[in-house]
Amino acid sequence: MYSNLAGTSARGYKLKVRIFGKRTVAGEGLGQNARSLVRLSRNIFLRPALCLLLVVVCGLAPVAQSQEFAIAGGEEKALGDPPAPRTPPQAAAQLPGPPSPASIKGKIVDVNGAPVIGAHVKLTRQGQSPDQETLTGDDGQFSFADVPAGPFQLSISGEGFATQESSGVLGSGETLAVAQITLALATYVTTVEVVLPKTEVAEAEMKAEEKQRLLGVLPNFYVSYIPDAVPLNVKQKFKLAWKATVDPANFVVTGIVAGVQQAQNDFSGYGQGAEGYGRRYGANYADSVTGTFIGGAIFPSLLKQDPRYFYKGTGSVRSRIVYAMAHSVRCKGDNGHWEPNYSNFLGSFAAGGISNLYYPDSRTGAALTLENAAIGIASGAAVNVLQEFVMRRFTSHVPSLNPGQP
């Protein structure tokens, strides 16, 4: 749109106007010119104003509609609510996306640096399941793919090797090569319990008893200071009896007893002199042999009883005295249980009966047998009391295997 004022005259104006592409010519004269000016001003000011008003109205309509109903984040906002802010393209590009899967790889070797083939590798992630597992290849290498980022732990084990642990933190999209892992040889602890046969144990205990001597001289073989000693077998019972009867100290003691009897003229039927002393010596030694073998080997073997005295060493004095005296009438069986000492009873009577064969006629018969049996039982009880309270203190080579002994 444009206007053009051209050529005026003395009578008035000659006006040429083009509005919106149309050409308008006003007549000459003042009146005509006035009307032309009115039309011109209307065309110049009114039409653009109408156009401007139309533009404003058209522009406000969508704004009002957008204010009335707006959808932001999936929620409908009421009229008057401020419009939802828009995220600039630069900010949207900076928002973190979901973590990318990562991977782990490594190599397993032994202490010599050789690859460990077939080692079991387990990948564990805290709070995540299930665990991932794999085996090393011929080159000792392993790998895990599509592993979520975060802390992890590796557990490596193999046959003949100690288990190794390794841990770390895996970044998003990272391919982590863990340091070479060396497996050490497994340490095996083998417990071997050597249980000797009872015969060998009993033999060793008997050998220890054969070293026990009163004052270092007199044999004290028939006392066990081991409360749970293994029972002797038949051979060992006879071996112990033989050891006691042929001990040099036994010959010396027998000679002393025979000398005292001759001095007192006991068993006068034997007479005096060397012959009488010899008879007395033989009778005493025969008593020792028959009493030891019959009461300490033959009957104990037949009745499966232990001929030894088992030292107690604990408890009150009274209980120990009762225990020692009762031991002459009771004994341990080969089964470990206490039972009547039939071996001692029968051994005393048998030895007394045999003594009738070599004692003088005046000292033979049933009376002598009963007397010898009673003396044997009573002397056995007295010796046991001495064993419990006195003899141990003067016995050499006593094994200290009883924790309760004084």
# chains A, B, ... in the order shown; residues from 1 in each chain; ligands from 1
>>> select_by_dssp(residues="segment 317-372 of chain A", states="strand (DSSP E)", output="list of chain:residue names")
A:Arg330, A:Cys331, A:Lys332, A:Trp338, A:Glu339, A:Pro340
>>> residues_around(residues="Val317 of chain A", least_positions_apart="6", cutoff="10 Å", atoms="only C-alpha atoms", output="ChimeraX atom specification")
/A:323,388-389
>>> write_last_selection(atoms="N, CA and C atoms", output="mmCIF file, in the first residue's frame")
data_model
loop_
_atom_site.group_PDB
_atom_site.id
_atom_site.type_symbol
_atom_site.label_atom_id
_atom_site.label_comp_id
_atom_site.auth_asym_id
_atom_site.auth_seq_id
_atom_site.Cartn_x
_atom_site.Cartn_y
_atom_site.Cartn_z
ATOM 1 N N TYR A 323 40.340 -100.193 99.638
ATOM 2 C CA TYR A 323 40.600 -100.627 98.254
ATOM 3 C C TYR A 323 41.758 -101.630 98.223
ATOM 4 N N GLU A 388 50.110 -99.356 98.257
ATOM 5 C CA GLU A 388 49.318 -98.137 98.091
ATOM 6 C C GLU A 388 49.949 -96.934 98.783
ATOM 7 N N PHE A 389 50.609 -97.152 99.908
ATOM 8 C CA PHE A 389 51.079 -96.006 100.696
ATOM 9 C C PHE A 389 52.600 -95.893 100.809
#
>>> closest_atom_pairs(of="segment 223-335 of chain A", to="segment 182-205 of chain A", cutoff="10 Å", atoms="only C-alpha atoms", output="CSV")
residue,atom,partner,partner_atom,distance
A:Ser224,CA,A:Glu205,CA,8.4
A:Tyr225,CA,A:Glu205,CA,9.8
A:Ile226,CA,A:Glu205,CA,8.5
A:Ala229,CA,A:Ala202,CA,7.3
A:Val230,CA,A:Ala202,CA,5.2
A:Pro231,CA,A:Ala202,CA,6.5
A:Leu232,CA,A:Ala202,CA,5.9
A:Asn233,CA,A:Thr199,CA,7.2
A:Gln236,CA,A:Glu203,CA,7.3
>>> write_last_selection(atoms="N, CA and C atoms", output="short mmCIF file (atom, residue, chain, number, x, y, z; two decimals), in the first residue's frame")
data_model
loop_
_atom_site.label_atom_id
_atom_site.label_comp_id
_atom_site.auth_asym_id
_atom_site.auth_seq_id
_atom_site.Cartn_x
_atom_site.Cartn_y
_atom_site.Cartn_z
N SER A 224 50.67 -102.39 88.67
CA SER A 224 50.45 -101.52 87.52
C SER A 224 50.08 -100.12 88.02
N TYR A 225 50.89 -99.14 87.65
CA TYR A 225 50.59 -97.75 88.00
C TYR A 225 49.76 -97.06 86.89
N ILE A 226 49.38 -97.86 85.91
CA ILE A 226 48.50 -97.37 84.85
C ILE A 226 47.10 -97.90 85.15
N ALA A 229 45.43 -100.10 82.31
CA ALA A 229 46.39 -100.93 81.58
C ALA A 229 45.67 -102.02 80.80
N VAL A 230 46.25 -102.36 79.65
CA VAL A 230 45.65 -103.39 78.79
C VAL A 230 45.88 -104.76 79.43
N PRO A 231 44.85 -105.62 79.45
CA PRO A 231 45.01 -106.96 80.06
C PRO A 231 46.11 -107.76 79.35
N LEU A 232 46.78 -108.60 80.12
CA LEU A 232 47.83 -109.46 79.57
C LEU A 232 47.20 -110.69 78.94
N ASN A 233 47.81 -111.15 77.85
CA ASN A 233 47.33 -112.43 77.30
C ASN A 233 48.01 -113.59 78.04
N GLN A 236 51.86 -113.64 77.97
CA GLN A 236 52.44 -112.57 78.77
C GLN A 236 52.31 -112.86 80.27
#
>>> residues_around(residues="Ser172 of chain A", least_positions_apart="6", cutoff="9 Å", atoms="only C-alpha atoms", output="PyMOL selection string")
chain A and resi 99-102+148-150
>>> select_by_dssp(residues="segment 212-306 of chain A", states="helix (DSSP H, G or I)", output="number ranges by chain")
A: 234-245, 248-263, 268-270, 273-303
>>> residues_around(residues="Ser343 of chain A", least_positions_apart="3", cutoff="12 Å", atoms="only C-alpha atoms", output="number ranges by chain")
A: 291-308, 327-333, 339-340, 346-351, 377
>>> write_last_selection(atoms="N, CA and C atoms", output="compact mmCIF listing (two decimals), in the first residue's frame")
# COMPACT_ATOMS: atom_id res chain seq x y z
N GLY A 291 53.47 -120.63 93.98
CA GLY A 291 52.54 -119.53 94.25
C GLY A 291 52.49 -118.53 93.10
N THR A 292 53.65 -118.23 92.51
CA THR A 292 53.68 -117.26 91.42
C THR A 292 53.05 -117.81 90.15
N PHE A 293 53.39 -119.02 89.78
CA PHE A 293 52.84 -119.57 88.54
C PHE A 293 51.37 -119.96 88.66
N ILE A 294 51.02 -120.62 89.78
CA ILE A 294 49.61 -121.06 89.90
C ILE A 294 48.70 -119.85 90.11
N GLY A 295 49.07 -118.96 91.03
CA GLY A 295 48.20 -117.81 91.33
C GLY A 295 48.38 -116.64 90.39
N GLY A 296 49.53 -116.60 89.65
CA GLY A 296 49.78 -115.45 88.78
C GLY A 296 49.76 -115.75 87.30
N ALA A 297 49.65 -117.04 86.91
CA ALA A 297 49.67 -117.36 85.48
C ALA A 297 48.64 -118.41 85.10
N ILE A 298 48.64 -119.56 85.83
CA ILE A 298 47.75 -120.66 85.40
C ILE A 298 46.28 -120.30 85.61
N PHE A 299 45.90 -120.02 86.86
CA PHE A 299 44.49 -119.70 87.11
C PHE A 299 44.06 -118.37 86.45
N PRO A 300 44.88 -117.33 86.47
CA PRO A 300 44.49 -116.11 85.75
C PRO A 300 44.26 -116.35 84.26
N SER A 301 45.02 -117.26 83.67
CA SER A 301 44.81 -117.56 82.26
C SER A 301 43.52 -118.33 82.05
N LEU A 302 43.26 -119.30 82.94
CA LEU A 302 42.05 -120.11 82.81
C LEU A 302 40.79 -119.29 83.09
N LEU A 303 40.86 -118.42 84.09
CA LEU A 303 39.69 -117.66 84.51
C LEU A 303 39.63 -116.26 83.89
N LYS A 304 40.62 -115.95 83.04
CA LYS A 304 40.66 -114.63 82.35
C LYS A 304 40.62 -113.48 83.34
N GLN A 305 41.55 -113.53 84.29
CA GLN A 305 41.68 -112.49 85.29
C GLN A 305 43.10 -111.92 85.27
N ASP A 306 43.19 -110.67 85.75
CA ASP A 306 44.49 -109.98 85.76
C ASP A 306 45.13 -110.16 87.13
N PRO A 307 46.36 -110.72 87.20
CA PRO A 307 46.98 -111.00 88.50
C PRO A 307 47.65 -109.78 89.14
N ARG A 308 47.67 -108.63 88.49
CA ARG A 308 48.41 -107.48 88.99
C ARG A 308 47.57 -106.64 89.95
N HIS A 327 41.55 -105.77 97.39
CA HIS A 327 42.18 -106.26 96.17
C HIS A 327 42.67 -107.69 96.31
N SER A 328 42.85 -108.16 97.55
CA SER A 328 43.28 -109.56 97.72
C SER A 328 42.14 -110.54 97.50
N VAL A 329 40.91 -110.06 97.55
CA VAL A 329 39.75 -110.93 97.35
C VAL A 329 38.96 -110.55 96.09
N ARG A 330 39.37 -109.52 95.42
CA ARG A 330 38.76 -109.16 94.14
C ARG A 330 39.86 -108.68 93.20
N CYS A 331 39.60 -108.77 91.92
CA CYS A 331 40.59 -108.37 90.92
C CYS A 331 39.88 -107.91 89.66
N LYS A 332 40.66 -107.38 88.74
CA LYS A 332 40.11 -106.99 87.46
C LYS A 332 40.10 -108.18 86.52
N GLY A 333 38.99 -108.35 85.83
CA GLY A 333 38.95 -109.38 84.80
C GLY A 333 39.59 -108.85 83.53
N GLU A 339 35.80 -108.31 89.66
CA GLU A 339 35.14 -109.59 89.97
C GLU A 339 35.92 -110.29 91.09
N PRO A 340 35.31 -111.28 91.73
CA PRO A 340 36.00 -112.00 92.83
C PRO A 340 37.33 -112.59 92.34
N LEU A 346 42.16 -119.90 94.66
CA LEU A 346 42.54 -121.23 94.19
C LEU A 346 44.05 -121.39 94.14
N GLY A 347 44.76 -120.33 93.81
CA GLY A 347 46.22 -120.41 93.77
C GLY A 347 46.80 -120.65 95.14
N SER A 348 46.24 -120.02 96.18
CA SER A 348 46.75 -120.20 97.55
C SER A 348 46.51 -121.63 98.03
N PHE A 349 45.31 -122.14 97.77
CA PHE A 349 45.03 -123.52 98.20
C PHE A 349 45.86 -124.52 97.41
N ALA A 350 46.02 -124.29 96.13
CA ALA A 350 46.80 -125.22 95.31
C ALA A 350 48.26 -125.22 95.74
N ALA A 351 48.80 -124.03 95.98
CA ALA A 351 50.19 -123.96 96.43
C ALA A 351 50.36 -124.61 97.78
N ILE A 377 46.52 -115.13 101.61
CA ILE A 377 45.52 -114.08 101.41
C ILE A 377 45.80 -112.88 102.31
>>> residues_around(residues="Gly158 of chain A", least_positions_apart="3", cutoff="9 Å", atoms="only C-alpha atoms", output="ChimeraX atom specification")
/A:116-121,161-163,183
>>> residues_around(residues="Gly276 of chain A", least_positions_apart="4", cutoff="12 Å", atoms="only C-alpha atoms", output="PyMOL selection string")
chain A and resi 258-259+261-263+265-272+280-283+359-360
>>> write_last_selection(atoms="N, CA and C atoms", output="PDB file, in the first residue's frame")
ATOM      1  N   ALA A 258      65.592-118.857 104.207  1.00  0.00           N
ATOM      2  CA  ALA A 258      66.032-120.206 104.612  1.00  0.00           C
ATOM      3  C   ALA A 258      67.040-120.134 105.753  1.00  0.00           C
ATOM      4  N   GLY A 259      67.917-119.171 105.746  1.00  0.00           N
ATOM      5  CA  GLY A 259      68.879-119.008 106.822  1.00  0.00           C
ATOM      6  C   GLY A 259      68.197-118.652 108.128  1.00  0.00           C
ATOM      7  N   GLN A 261      65.135-119.435 108.979  1.00  0.00           N
ATOM      8  CA  GLN A 261      64.422-120.636 109.440  1.00  0.00           C
ATOM      9  C   GLN A 261      65.394-121.641 110.064  1.00  0.00           C
ATOM     10  N   GLN A 262      66.559-121.787 109.498  1.00  0.00           N
ATOM     11  CA  GLN A 262      67.513-122.730 110.071  1.00  0.00           C
ATOM     12  C   GLN A 262      68.024-122.232 111.412  1.00  0.00           C
ATOM     13  N   ALA A 263      68.214-120.951 111.497  1.00  0.00           N
ATOM     14  CA  ALA A 263      68.671-120.408 112.777  1.00  0.00           C
ATOM     15  C   ALA A 263      67.625-120.625 113.848  1.00  0.00           C
ATOM     16  N   ASN A 265      65.533-123.077 113.736  1.00  0.00           N
ATOM     17  CA  ASN A 265      65.246-124.507 113.666  1.00  0.00           C
ATOM     18  C   ASN A 265      63.796-124.772 113.260  1.00  0.00           C
ATOM     19  N   ASP A 266      63.298-123.918 112.407  1.00  0.00           N
ATOM     20  CA  ASP A 266      61.969-124.174 111.845  1.00  0.00           C
ATOM     21  C   ASP A 266      62.064-125.394 110.933  1.00  0.00           C
ATOM     22  N   PHE A 267      60.953-126.130 110.923  1.00  0.00           N
ATOM     23  CA  PHE A 267      60.915-127.379 110.152  1.00  0.00           C
ATOM     24  C   PHE A 267      62.112-128.256 110.544  1.00  0.00           C
ATOM     25  N   SER A 268      62.084-128.627 111.809  1.00  0.00           N
ATOM     26  CA  SER A 268      63.214-129.386 112.382  1.00  0.00           C
ATOM     27  C   SER A 268      63.462-130.696 111.657  1.00  0.00           C
ATOM     28  N   GLY A 269      62.452-131.160 110.964  1.00  0.00           N
ATOM     29  CA  GLY A 269      62.630-132.404 110.219  1.00  0.00           C
ATOM     30  C   GLY A 269      63.671-132.277 109.140  1.00  0.00           C
ATOM     31  N   TYR A 270      63.989-131.056 108.750  1.00  0.00           N
ATOM     32  CA  TYR A 270      65.012-130.871 107.742  1.00  0.00           C
ATOM     33  C   TYR A 270      66.423-131.016 108.317  1.00  0.00           C
ATOM     34  N   GLY A 271      66.517-130.936 109.656  1.00  0.00           N
ATOM     35  CA  GLY A 271      67.836-131.060 110.291  1.00  0.00           C
ATOM     36  C   GLY A 271      68.616-129.768 110.168  1.00  0.00           C
ATOM     37  N   GLN A 272      69.906-129.870 110.483  1.00  0.00           N
ATOM     38  CA  GLN A 272      70.796-128.706 110.465  1.00  0.00           C
ATOM     39  C   GLN A 272      71.906-128.940 109.443  1.00  0.00           C
ATOM     40  N   ARG A 280      65.561-126.424 103.379  1.00  0.00           N
ATOM     41  CA  ARG A 280      64.757-125.237 103.680  1.00  0.00           C
ATOM     42  C   ARG A 280      64.768-124.260 102.473  1.00  0.00           C
ATOM     43  N   TYR A 281      65.936-124.104 101.881  1.00  0.00           N
ATOM     44  CA  TYR A 281      66.031-123.208 100.719  1.00  0.00           C
ATOM     45  C   TYR A 281      65.137-123.727  99.590  1.00  0.00           C
ATOM     46  N   GLY A 282      65.149-125.019  99.293  1.00  0.00           N
ATOM     47  CA  GLY A 282      64.342-125.588  98.219  1.00  0.00           C
ATOM     48  C   GLY A 282      62.861-125.433  98.491  1.00  0.00           C
ATOM     49  N   ALA A 283      62.455-125.664  99.773  1.00  0.00           N
ATOM     50  CA  ALA A 283      61.040-125.540 100.108  1.00  0.00           C
ATOM     51  C   ALA A 283      60.560-124.098  99.896  1.00  0.00           C
ATOM     52  N   TYR A 359      57.321-130.637 102.497  1.00  0.00           N
ATOM     53  CA  TYR A 359      57.527-130.252 103.883  1.00  0.00           C
ATOM     54  C   TYR A 359      57.570-131.511 104.761  1.00  0.00           C
ATOM     55  N   PRO A 360      58.203-131.449 105.946  1.00  0.00           N
ATOM     56  CA  PRO A 360      58.266-132.619 106.858  1.00  0.00           C
ATOM     57  C   PRO A 360      56.852-133.095 107.208  1.00  0.00           C
TER      58      PRO A 360
END
>>> closest_residue(among="A:Lys105, A:Ala374, A:Leu357, A:Ile321", to="Gly137 of chain A", atoms="only C-alpha atoms")
A:Lys105
>>> closest_residue(among="A:Glu275, A:Asp247, A:Asp361, A:Glu165", to="Val289 of chain A", atoms="only C-alpha atoms")
A:Asp247
>>> atom_distance(atom1="atom CA of Ala244 of chain A", atom2="atom CA of Arg213 of chain A")
11.2 Å
>>> closest_residue(among="A:Gly106, A:Gly216, A:Pro227, A:Gly273", to="Leu176 of chain A", atoms="only C-alpha atoms")
A:Gly106
